[in-house]
Structures are given as structure tokens and as C-alpha cells.
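What follows is coords.tsv (TSV, C-alpha atoms).
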chain	number	residue	atom	x	y	z
A	1	MET	CA	21.23	-0.40	-0.89
A	2	LYS	CA	20.13	-0.24	-4.53
A	3	LYS	CA	16.95	-2.14	-3.67
A	4	LEU	CA	16.31	0.12	-0.68
A	5	ILE	CA	16.67	3.25	-2.81
A	6	GLN	CA	14.19	1.83	-5.32
A	7	LEU	CA	11.77	0.84	-2.54
A	8	VAL	CA	11.86	3.98	-0.36
A	9	PRO	CA	13.55	6.79	-2.34
A	10	VAL	CA	11.85	9.62	-0.45
A	11	THR	CA	12.73	8.26	2.99
A	12	ILE	CA	16.36	7.78	2.06
A	13	SER	CA	16.48	11.23	0.43
A	14	LEU	CA	15.12	12.88	3.58
A	15	ILE	CA	17.76	11.21	5.70
A	16	ALA	CA	20.53	12.03	3.20
A	17	ILE	CA	19.55	15.71	2.98
A	18	SER	CA	19.30	15.99	6.75
A	19	ALA	CA	22.73	14.40	7.11
A	20	ALA	CA	24.21	16.80	4.55
A	21	VAL	CA	22.71	19.83	6.33
A	22	ALA	CA	23.93	18.52	9.69
A	23	PHE	CA	27.44	18.19	8.28
A	24	MET	CA	27.52	21.58	6.56
A	25	SER	CA	26.07	23.42	9.56
A	26	GLY	CA	28.09	21.62	12.20
A	27	LEU	CA	24.84	20.24	13.64
A	28	GLY	CA	23.30	23.69	13.78
A	29	ALA	CA	26.39	25.58	14.97
A	30	SER	CA	26.96	27.59	11.77
A	31	MET	CA	24.44	30.41	11.38
A	32	ASP	CA	25.75	31.19	7.90
A	33	ALA	CA	24.82	27.68	6.76
A	34	LEU	CA	21.42	27.83	8.45
A	35	GLN	CA	20.23	31.23	7.19
A	36	PRO	CA	19.01	30.03	3.74
A	37	LEU	CA	17.07	27.16	5.38
A	38	LEU	CA	15.30	28.98	8.20
A	39	ILE	CA	11.65	29.88	7.65
A	40	SER	CA	12.72	33.53	7.69
A	41	HIS	CA	16.02	35.37	7.80
A	42	ILE	CA	16.87	35.84	11.45
A	43	SER	CA	16.74	39.64	11.14
A	44	HIS	CA	13.47	39.79	9.18
A	45	ARG	CA	9.93	39.90	10.51
A	46	GLY	CA	6.94	37.94	9.33
A	47	LEU	CA	6.95	35.84	6.17
A	48	THR	CA	8.48	38.50	3.94
A	49	ASP	CA	11.09	36.09	2.60
A	50	VAL	CA	8.45	33.51	1.67
A	51	ALA	CA	6.28	36.20	0.13
A	52	SER	CA	9.20	37.37	-1.98
A	53	GLY	CA	9.45	33.95	-3.63
A	54	GLN	CA	11.60	31.91	-1.23
A	55	VAL	CA	8.81	29.41	-0.69
A	56	TRP	CA	11.23	26.59	0.11
A	57	ARG	CA	11.66	28.18	3.54
A	58	LEU	CA	8.26	26.79	4.53
A	59	VAL	CA	9.71	23.28	4.44
A	60	THR	CA	13.52	23.46	4.77
A	61	PRO	CA	13.61	23.96	8.58
A	62	ILE	CA	12.80	20.25	8.88
A	63	PHE	CA	16.34	19.46	7.67
A	64	ILE	CA	18.03	21.49	10.44
A	65	HIS	CA	19.13	19.63	13.57
A	66	PHE	CA	20.79	20.98	16.68
A	67	GLY	CA	23.00	18.28	18.15
A	68	LEU	CA	23.77	14.65	17.40
A	69	LEU	CA	21.02	13.12	19.58
A	70	HIS	CA	18.43	15.40	17.97
A	71	PHE	CA	19.54	14.20	14.54
A	72	ILE	CA	19.75	10.48	15.42
A	73	PHE	CA	16.41	10.39	17.24
A	74	ASN	CA	14.55	11.99	14.34
A	75	MET	CA	16.23	9.92	11.64
A	76	MET	CA	15.42	6.66	13.42
A	77	TRP	CA	11.72	7.54	13.45
A	78	VAL	CA	11.79	8.81	9.87
A	79	TRP	CA	13.28	5.48	8.85
A	80	ASP	CA	10.82	3.33	10.82
A	81	LEU	CA	7.63	5.25	10.13
A	82	GLY	CA	8.56	6.86	6.83
A	83	LYS	CA	9.39	3.67	4.98
A	84	LEU	CA	6.16	2.14	6.26
A	85	ILE	CA	4.02	4.92	4.78
A	86	GLU	CA	6.08	5.18	1.60
A	87	THR	CA	5.86	1.46	0.81
A	88	LYS	CA	2.11	1.40	1.49
A	89	LYS	CA	1.03	4.71	-0.05
A	90	GLY	CA	3.75	5.32	-2.63
A	91	PRO	CA	6.51	7.95	-2.98
A	92	GLY	CA	4.16	10.59	-4.42
A	93	PHE	CA	1.75	10.47	-1.49
A	94	TYR	CA	4.59	10.34	1.01
A	95	LEU	CA	6.41	13.32	-0.48
A	96	GLY	CA	3.19	15.34	-0.47
A	97	PHE	CA	2.56	14.34	3.13
A	98	ILE	CA	6.04	15.47	4.18
A	99	MET	CA	5.71	18.80	2.38
A	100	LEU	CA	2.29	19.64	3.81
A	101	VAL	CA	2.89	18.42	7.37
A	102	GLY	CA	6.37	19.96	7.39
A	103	ALA	CA	5.05	23.33	6.23
A	104	ALA	CA	2.17	23.22	8.72
A	105	SER	CA	4.44	22.43	11.67
A	106	ASN	CA	6.99	25.08	10.67
A	107	LEU	CA	4.32	27.75	10.22
A	108	ALA	CA	2.74	26.94	13.58
A	109	GLN	CA	6.09	27.18	15.36
A	110	TYR	CA	7.01	30.49	13.72
A	111	LEU	CA	3.66	32.25	13.92
A	112	LEU	CA	3.11	31.32	17.57
A	113	THR	CA	6.63	32.05	18.83
A	114	HIS	CA	7.79	34.79	16.40
A	115	SER	CA	11.25	33.19	16.34
A	116	ALA	CA	12.80	31.77	13.16
A	117	LEU	CA	15.60	30.00	15.00
A	118	PHE	CA	14.19	26.49	15.12
A	119	GLY	CA	14.45	23.32	13.12
A	120	GLY	CA	14.18	19.58	13.10
A	121	MET	CA	12.16	16.72	11.68
A	122	SER	CA	10.23	16.26	14.95
A	123	GLY	CA	7.05	17.92	13.69
A	124	VAL	CA	7.07	15.61	10.66
A	125	VAL	CA	7.87	12.63	12.89
A	126	TYR	CA	4.82	13.33	15.03
A	127	GLY	CA	2.79	13.66	11.85
A	128	LEU	CA	4.01	10.26	10.68
A	129	PHE	CA	3.38	8.78	14.12
A	130	ALA	CA	-0.17	10.14	14.28
A	131	TYR	CA	-0.96	8.99	10.75
A	132	VAL	CA	0.12	5.38	11.37
A	133	TRP	CA	-1.46	5.33	14.84
A	134	ILE	CA	-4.89	6.62	13.76
A	135	ARG	CA	-5.02	4.64	10.51
A	136	GLY	CA	-4.07	1.45	12.34
A	137	ARG	CA	-6.64	2.12	15.06
A	138	PHE	CA	-9.66	3.15	13.01
A	139	ASP	CA	-9.13	1.73	9.53
A	140	PRO	CA	-9.10	-2.08	9.12
A	141	THR	CA	-7.87	-1.65	5.53
A	142	PHE	CA	-4.59	-0.17	6.77
A	143	ASP	CA	-2.69	-3.37	7.48
A	144	ALA	CA	-0.26	-1.96	10.04
A	145	GLY	CA	-0.32	-0.41	13.45
A	146	LEU	CA	1.71	0.74	16.43
A	147	HIS	CA	2.20	-1.15	19.65
A	148	LYS	CA	0.66	0.56	22.66
A	149	THR	CA	4.12	0.85	24.23
A	150	THR	CA	5.28	2.91	21.25
A	151	VAL	CA	2.17	5.09	21.40
A	152	ASN	CA	2.53	5.67	25.13
A	153	MET	CA	6.22	6.51	24.78
A	154	MET	CA	5.65	9.03	21.98
A	155	LEU	CA	2.79	10.73	23.83
A	156	ALA	CA	4.76	10.81	27.08
A	157	TRP	CA	7.70	12.40	25.28
A	158	PHE	CA	5.33	14.93	23.72
A	159	VAL	CA	4.07	15.96	27.17
A	160	LEU	CA	7.56	15.96	28.67
A	161	CYS	CA	8.77	18.34	25.97
A	162	TRP	CA	5.98	20.77	26.84
A	163	THR	CA	7.06	20.86	30.51
A	164	GLY	CA	10.23	22.75	29.56
A	165	LEU	CA	12.44	20.32	31.49
A	166	LEU	CA	14.27	19.34	28.30
A	167	GLY	CA	15.17	22.88	27.30
A	168	PRO	CA	14.02	24.89	24.26
A	169	ILE	CA	12.03	22.63	21.94
A	170	ALA	CA	9.78	23.39	18.97
A	171	ASN	CA	6.66	22.25	20.79
A	172	TRP	CA	4.23	24.01	18.48
A	173	ALA	CA	5.79	22.16	15.56
A	174	HIS	CA	5.25	18.88	17.43
A	175	THR	CA	1.64	19.81	18.13
A	176	ALA	CA	0.84	20.92	14.59
A	177	GLY	CA	2.46	17.79	13.12
A	178	LEU	CA	0.58	15.53	15.52
A	179	LEU	CA	-2.76	17.15	14.73
A	180	ALA	CA	-2.14	17.28	10.98
A	181	GLY	CA	-1.21	13.60	10.80
A	182	ALA	CA	-4.13	12.55	13.01
A	183	VAL	CA	-6.71	14.57	11.07
A	184	TRP	CA	-5.36	13.35	7.74
A	185	ALA	CA	-5.48	9.73	8.89
A	186	TYR	CA	-8.96	10.09	10.40
A	187	ILE	CA	-10.36	11.55	7.18
A	188	GLU	CA	-8.89	8.69	5.15
A	189	SER	CA	-10.15	6.13	7.66
A	190	ARG	CA	-13.64	7.62	7.59
A	191	SER	CA	-13.62	7.61	3.79
A	192	ALA	CA	-12.75	3.91	3.79
A	193	ARG	CA	-15.67	3.14	6.11
A	194	ILE	CA	-18.12	5.26	4.12
A	195	SER	CA	-17.10	3.44	0.94
A	196	GLY	CA	-18.54	0.28	2.48
A	197	SER	CA	-15.30	-1.69	2.39
A	198	GLY	CA	-14.46	-1.34	6.04
A	199	GLU	CA	-16.71	-4.03	7.53
A	200	ALA	CA	-15.90	-6.61	4.85
A	201	GLU	CA	-12.18	-6.06	5.13
A	202	PHE	CA	-12.32	-6.15	8.91
A	203	SER	CA	-14.04	-9.52	8.69
A	204	ASP	CA	-11.23	-10.70	6.41
A	205	GLN	CA	-8.67	-9.48	8.90
A	206	LYS	CA	-10.21	-11.48	11.70
A	207	THR	CA	-10.07	-14.65	9.62
A	208	GLN	CA	-6.34	-14.16	9.12
A	209	ALA	CA	-5.34	-13.43	12.72
A	210	ASN	CA	-7.22	-13.78	15.97
A	211	GLN	CA	-8.29	-10.78	17.98
A	212	GLN	CA	-5.22	-10.94	20.21
A	213	GLN	CA	-2.95	-10.54	17.20
A	214	ARG	CA	-2.06	-7.31	15.44
A	215	VAL	CA	-0.17	-6.82	12.20
A	216	GLU	CA	2.48	-4.13	12.59
A	217	TYR	CA	5.14	-2.51	10.50
A	218	LEU	CA	8.62	-4.01	10.39
A	219	SER	CA	10.60	-1.96	12.90
A	220	THR	CA	14.34	-1.42	12.75
A	221	ALA	CA	14.81	-4.05	15.47
A	222	ASP	CA	12.76	-6.53	13.43
A	223	MET	CA	14.79	-5.75	10.31
A	224	LEU	CA	18.09	-6.27	12.14
A	225	GLN	CA	16.87	-9.58	13.54
A	226	ILE	CA	15.75	-10.84	10.13
A	227	GLU	CA	18.98	-9.64	8.51
A	228	SER	CA	21.05	-11.55	11.08
A	229	GLN	CA	19.07	-14.68	10.19
A	230	ARG	CA	19.69	-14.11	6.49
A	231	GLU	CA	23.40	-13.68	7.22
A	232	TRP	CA	23.56	-17.07	8.92
A	233	VAL	CA	22.19	-18.66	5.73
A	234	ARG	CA	24.49	-16.63	3.46
A	235	GLU	CA	27.53	-17.81	5.41
A	236	HIS	CA	27.00	-21.28	3.98
A	237	TYR	CA	27.98	-20.04	0.52
A	238	LEU	CA	31.59	-19.85	-0.47
A	239	PRO	CA	32.59	-16.17	-1.02
A	240	GLU	CA	32.89	-16.66	-4.78
A	241	ALA	CA	29.36	-18.07	-4.96
A	242	ARG	CA	27.56	-15.49	-2.81
A	243	SER	CA	26.10	-13.74	-5.83
A	244	LYS	CA	23.82	-16.74	-6.27
A	245	TYR	CA	21.99	-15.74	-3.08
A	246	GLY	CA	20.44	-12.83	-4.98
A	247	THR	CA	18.22	-15.15	-7.02
A	248	VAL	CA	15.18	-17.20	-6.07
A	249	ASN	CA	16.83	-20.40	-7.27
A	250	GLY	CA	19.98	-19.54	-5.33
A	251	LYS	CA	18.04	-19.16	-2.10
A	252	LEU	CA	16.27	-22.48	-2.60
A	253	THR	CA	19.57	-24.17	-3.48
A	254	ILE	CA	21.32	-23.02	-0.32
A	255	ILE	CA	18.35	-23.97	1.86
A	256	ASN	CA	18.43	-27.47	0.40
A	257	ALA	CA	22.22	-27.65	0.88
A	258	ILE	CA	21.94	-26.62	4.55
A	259	LEU	CA	19.27	-29.21	5.22
A	260	ASN	CA	21.36	-31.94	3.59
A	261	GLN	CA	24.52	-30.89	5.46
A	262	ARG	CA	22.72	-30.84	8.79
A	263	ALA	CA	20.79	-34.06	8.32
A	264	ASP	CA	22.72	-35.69	11.17
A	265	ARG	CA	22.93	-32.50	13.29
A	266	PRO	CA	19.53	-30.93	13.99
A	267	LEU	CA	19.34	-27.14	13.68
A	268	ASN	CA	18.51	-25.13	16.77
A	269	PRO	CA	15.29	-23.03	16.77
A	270	GLU	CA	17.09	-19.84	15.70
A	271	GLN	CA	18.73	-21.61	12.76
A	272	GLN	CA	15.41	-23.13	11.77
A	273	ARG	CA	13.83	-19.67	11.77
A	274	SER	CA	16.72	-18.45	9.57
A	275	VAL	CA	15.85	-21.08	6.97
A	276	GLU	CA	12.16	-20.10	7.15
A	277	VAL	CA	13.02	-16.41	6.67
A	278	VAL	CA	15.13	-17.05	3.57
A	279	PHE	CA	12.40	-19.22	2.06
A	280	GLY	CA	10.08	-16.26	2.75
A	281	ASP	CA	12.58	-14.00	0.96
A	282	ALA	CA	12.37	-16.26	-2.07
A	283	LEU	CA	8.58	-15.97	-2.08
A	284	ALA	CA	8.75	-12.20	-1.59
A	285	GLU	CA	11.15	-11.87	-4.52
A	286	GLU	CA	9.02	-14.08	-6.76
A	287	ILE	CA	5.64	-12.44	-6.07
A	288	GLY	CA	6.38	-9.07	-4.49
A	289	LEU	CA	5.23	-9.87	-0.95
A	290	GLN	CA	5.93	-7.43	1.87
A	291	TRP	CA	7.43	-8.28	5.24
A	292	ALA	CA	5.50	-7.41	8.40
A	293	THR	CA	5.18	-8.72	11.95
A	294	VAL	CA	2.28	-10.10	13.93
A	295	GLU	CA	2.18	-8.94	17.55
A	296	ASP	CA	0.71	-11.58	19.83
A	297	GLY	CA	1.19	-10.67	23.47
A	298	ASN	CA	4.91	-10.10	23.92
A	299	LYS	CA	5.83	-12.18	20.87
A	300	ARG	CA	6.57	-10.70	17.44
A	301	THR	CA	6.42	-13.14	14.54
A	302	PRO	CA	7.52	-12.23	11.00
A	303	VAL	CA	4.89	-12.79	8.30
A	304	LEU	CA	4.37	-11.87	4.66
A	305	LEU	CA	1.59	-9.62	3.35
A	306	ILE	CA	0.01	-10.67	0.07
A	307	PRO	CA	-0.20	-7.78	-2.43
A	308	GLY	CA	-3.53	-6.99	-4.03
A	309	THR	CA	-5.52	-8.11	-0.97
A	310	PRO	CA	-7.01	-5.94	1.80
A	311	MET	CA	-5.20	-7.60	4.67
A	312	THR	CA	-4.09	-11.15	4.05
A	313	ILE	CA	-1.05	-12.44	5.87
A	314	PHE	CA	0.91	-15.43	4.66
A	315	PRO	CA	2.76	-17.17	7.51
A	316	LEU	CA	6.27	-18.46	7.00
A	317	ILE	CA	6.47	-22.05	5.78
A	318	PRO	CA	7.35	-24.09	8.90
A	319	PHE	CA	10.79	-25.63	9.08
A	320	ASN	CA	9.50	-29.19	9.50
A	321	ARG	CA	7.76	-28.93	6.12
A	322	LEU	CA	10.91	-27.59	4.45
A	323	SER	CA	13.05	-30.28	6.04
A	324	SER	CA	10.72	-32.95	4.63
A	325	ALA	CA	11.47	-31.84	1.04
A	326	GLY	CA	14.25	-34.40	0.70
A	327	ASP	CA	16.00	-32.89	-2.30
A	328	ALA	CA	16.05	-29.88	-4.64
A	329	ILE	CA	13.05	-31.16	-6.58
A	330	GLY	CA	11.03	-31.50	-3.39
A	331	MET	CA	12.05	-28.00	-2.29
A	332	GLN	CA	10.95	-26.58	-5.65
A	333	LYS	CA	7.59	-28.35	-5.31
A	334	ILE	CA	6.98	-26.74	-1.91
A	335	PHE	CA	7.91	-23.37	-3.37
A	336	ASP	CA	5.64	-23.79	-6.41
A	337	ALA	CA	2.76	-24.92	-4.19
A	338	SER	CA	3.21	-21.84	-1.97
A	339	VAL	CA	3.24	-19.53	-5.00
A	340	GLU	CA	0.07	-21.15	-6.32
A	341	LEU	CA	-1.66	-20.78	-2.95
A	342	ILE	CA	-0.81	-17.08	-2.82
A	343	HIS	CA	-2.09	-16.57	-6.36
A	344	GLN	CA	-5.36	-18.25	-5.35
A	345	HIS	CA	-5.74	-15.80	-2.44
A	346	GLN	CA	-5.20	-12.88	-4.82
A	347	GLN	CA	-7.75	-14.18	-7.31
A	348	GLU	CA	-10.37	-14.78	-4.61
A	349	ARG	CA	-10.09	-11.10	-3.63

Translate the structure of the given file into C-alpha cells.
Amino acid sequence: MKKLIQLVPVTISLIAISAAVAFMSGLGASMDALQPLLISHISHRGLTDVASGQVWRLVTPIFIHFGLLHFIFNMMWVWDLGKLIETKKGPGFYLGFIMLVGAASNLAQYLLTHSALFGGMSGVVYGLFAYVWIRGRFDPTFDAGLHKTTVNMMLAWFVLCWTGLLGPIANWAHTAGLLAGAVWAYIESRSARISGSGEAEFSDQKTQANQQQRVEYLSTADMLQIESQREWVREHYLPEARSKYGTVNGKLTIINAILNQRADRPLNPEQQRSVEVVFGDALAEEIGLQWATVEDGNKRTPVLLIPGTPMTIFPLIPFNRLSSAGDAIGMQKIFDASVELIHQHQQER
């Protein structure tokens, strides 16, 4: 958790504040708790409260949620999409994005409906969705994207909400967030192309993955899968020695121990992938690599992104190479060789 807070402080803060508001307001049931957060006092007209100095009201409706499903749905997308943007663009950019898109979606909903009784992170979520979608589609330098199934689902939900079949929904907030995120992403994508880096970086991308492959953000499902593989490796430590897993040397030591223990009992494919993932964790910790996935048809394969390069993926070291190490010295040599190879990629770019 400490590492997560350091990595994505804004994303975690958004979720924590939303959870606190949901608790204090009884998931939107307490009007007394909601009044200070609405874009305008329920009995006032226009933006008189904002004009009088309560400027926070332009943003705070995003923290209000009406019902458990409303809260859970939004927080899942904030986690998946928010941490992607925050890790790539930094907390400062991400916070500014949330403030501007949140204010734009809230203003659109209020000015076009004349009702202050609305809330939710959905407008921001559609802004995040549109930003990642458009950047991934039009900007080769943005080394992430969304699967077409995700895009189709989000757009279908957007249309379904407008039909009115799902009840009262802040559709203008959705629309404003979607447009704001898309326009923002398109402007940045166009700037990248005008700068002259687009074609060169796109060429680099194609050398790293074929045209059927697509690098995507690490979704919650991907994270849970990788974490389960890490857990299988951690289970091989005695409880009193688990703290060693938090170091690069500890990871390499346990990998070597597992391979020696299982020399006469081959590991199944899932266990082999677990060893590969933990070796990848050791590299990520040593150099600061980022986890991502490569989408190839219906298969999602975890990879590492090399920092300081436009879009260079580093595949996981295959199990058969790790198993050939023989001992701790051999394992360290494979690790050192991998680190050196990554450094060479960084220097070449």
C-alpha cells in the first residue's frame, strides 16, 4: 500500500475522498451532508454560491455517489484508467486533468438541466476513457491503449444512459467529460505529430511488436492475475523470512530455491509464468520498469516498458533460460545481463 500511495497518490486520494463522502452521506441519502458539495445550494439559482467564493463547488459534485453500484462502478474505472494516466503523465498533470474535466462536466450538467441535485465521478471517468482511447489511437508515443471491447462497452453504456431506460443520470456530465477528454487527447496527439517525433516513434513501435499486437494498460484483472502469481512464489518463503521478498536479491534467491527444489518435479505452465513474473519484478525494482500487457488476438501477455524510451517493451525472461542458470551465481549473471541489455536500449534512444 505504501508503494501504491507513492506511485498513484492522486488516484488513491480520489477514491478515498469518494468513499468518505459516500459514508458520511449514506450514499447520497443525507441532504445535509450533500449541500456543501453540490454545485449550488439546492434552493439557490445560478452560480451565486460559486460567485460568492465557494469555488470548490465546481468540482466537489464528482465525489457524490447515489447508491453502492454507482460508487463501485466509478471507482473501478478511476482505478484502472486513473492510475494509467497518473503513472504516465505524473500527479500534477493528472490532478489538473481531474479538476478541469470535473468542473467542465459539472457545469454542463447544471447549466443545461438547471438542477443542482446530481453527482458522481462518471463525467470524469468518461474524460479519462476518452483521453486514453484517443491518445492510444492517434499518438504512437502514448504506449498504451484500450481494447475495442472496452471502447464498445463504454460507448454502448453512454448511449444506453441517454435512452432514459436506466433512470435519472447526469448525461450532460458524461457528454462534457467525453468531449473534454477526447479534445485534450487529440490536441496532445497532434502536437506530438507536428513535433516530428510521431513517425520515428511509430517505426520503433513496430519493431518491438508486430501489427497484430497492441500494448495496453495493466487492468485490474491483469493486476490480480500477476499478484496471484507473485503469491505462489512468496509461499515458498517461511513466514519469518518473507521480508526478504521485498529486495531484488531476495527475489532472485527464492527463484533459485524454487528451481532447485523442483528439479525432479517440473513446474506447470502457470508456475513457470509465476517465476518469470517475479524475475520481472526484480528487474522493475532495479531499473524502474513499468508493467504493461501486449494484446495479441485474445491473448494478453505481461511485458515490461523500458523508461526513457518512446515505446520499447522488454519481454519477460523465458522460464527455460532461468531454469538453465544452475545456481545463484548463474541466476545473478542472467539478471546482470538483462539489466545491461535494458541500459543499452536506453542509451541507444

- Task: Quick one: everything within 8 Å of range 226-238 of chain A, counting only C-alpha atoms, minus sequence neighbours fewer than 2 positions away in the same chain. Send it as a VMD selection string.
- Result: chain A and resid 222 to 224 240 to 242 245 254 to 255 258 270 to 271 273 to 275 277 to 278

List the spatial neighbours of Leu81 in chain A as a PDB file with C-alpha atoms, keeping the file's coordinate frame - criterion: any atom at most 8 Å away, all atoms listed in the file, same-chain residues fewer than 6 positions off excluded.
ATOM      1  CA  VAL A 125       7.870  12.630  12.890  1.00  0.00           C
ATOM      2  CA  LEU A 128       4.010  10.260  10.680  1.00  0.00           C
ATOM      3  CA  PHE A 129       3.380   8.780  14.120  1.00  0.00           C
ATOM      4  CA  VAL A 132       0.120   5.380  11.370  1.00  0.00           C
TER       5      VAL A 132
END

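Among the candidate residues A:Phe279, A:Phe335, A:Phe66, A:Trp56, the one lying nearest to Ala19 in chain A is A:Phe66, with distances computed using all atoms listed in the file.
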
- Query: Which polymer residues have any atom within 8 Å of an atom of range 111-123 of chain A, counting all atoms listed in the file, with same-chain residues fewer than 3 positions away left out, as a PyMOL selection string?
  - Reply: chain A and resi 38-42+46+61-66+70-71+74-75+101-102+105-108+126-127+170+172-178

- Item | Best match for closeness to Gly82 in chain A among A:Leu68, A:Ile15, A:Ala325, A:Ala104, counting all atoms listed in the file |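 Smallest distance to Gly82 in chain A is found for A:Ile15.
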
- Message: So the first atom is CA of Ala337 in chain A and the second is CA of Leu259 in chain A; what is the distance between them in Å, to one decimal place?
- Response: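 Value for the CA of Ala337 in chain A-CA of Leu259 in chain A distance: 19.5 Å.
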
- Coordinates-based distance that separates CA of Lys333 in chain A from CA of Asp281 in chain A (Å, one decimal): 16.4 Å

- Task: Check the smallest atom-to-atom distance from each of A:Leu160, A:Ile187, A:Ile72, A:Val10 to Phe93 in chain A using all atoms listed in the file, then report the winner.
- Result: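 Of A:Leu160, A:Ile187, A:Ile72, A:Val10, the one nearest Phe93 in chain A, counting all atoms listed in the file, is A:Val10.
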
- Rounded to one decimal place, report the CA of Gln332 in chain A-CA of Glu276 in chain A distance in Å.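 Separating CA of Gln332 in chain A from CA of Glu276 in chain A is a distance of 14.4 Å.
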
- Task: Counting all atoms listed in the file, note down every residue that has an atom within 7 Å of the point (14.1, -27.8, -0.3) (file coordinates), as number ranges by chain.
- Result: A: 252, 255-256, 322-323, 325-328, 330-332

- Contacts of Cys161 in chain A at 9 Å or less, counting all atoms listed in the file, minus same-chain residues fewer than 6 places along, as a PyMOL selection string? chain A and resi 167-171

- From A:Gly250, A:Pro91, A:Gly67, A:Gly288, residue lying nearest Leu27 in chain A [only C-alpha atoms]: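 Ranking A:Gly250, A:Pro91, A:Gly67, A:Gly288 by distance to Leu27 in chain A, first place goes to A:Gly67.
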
- Task: Using all atoms listed in the file, find the one residue out of A:Arg135, A:Arg300, A:Lys83, A:Arg45 that sits nearest to Glu188 in chain A.
- Result: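 Nearest candidate to Glu188 in chain A out of A:Arg135, A:Arg300, A:Lys83, A:Arg45: A:Arg135.
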
Box dimensions and centre (Å, one decimal) enclosing range 336-342 of chain A, axis-aligned, 3 Å extra per side, as AutoDock Vina command-line options:
--center_x 2.0 --center_y -21.0 --center_z -4.2 --size_x 13.3 --size_y 13.8 --size_z 10.4

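Distances from A:Met154, A:Ile329, A:Leu289, A:Leu34 to Ile313 in chain A were compared using all atoms listed in the file, and the smallest one belongs to A:Leu289.
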
- Need the neighbours of (4.9, -20.5, 8.2): which residues are at most 9 Å away, counting all atoms listed in the file, as a ChimeraX atom specification? /A:276,280,303,314-319
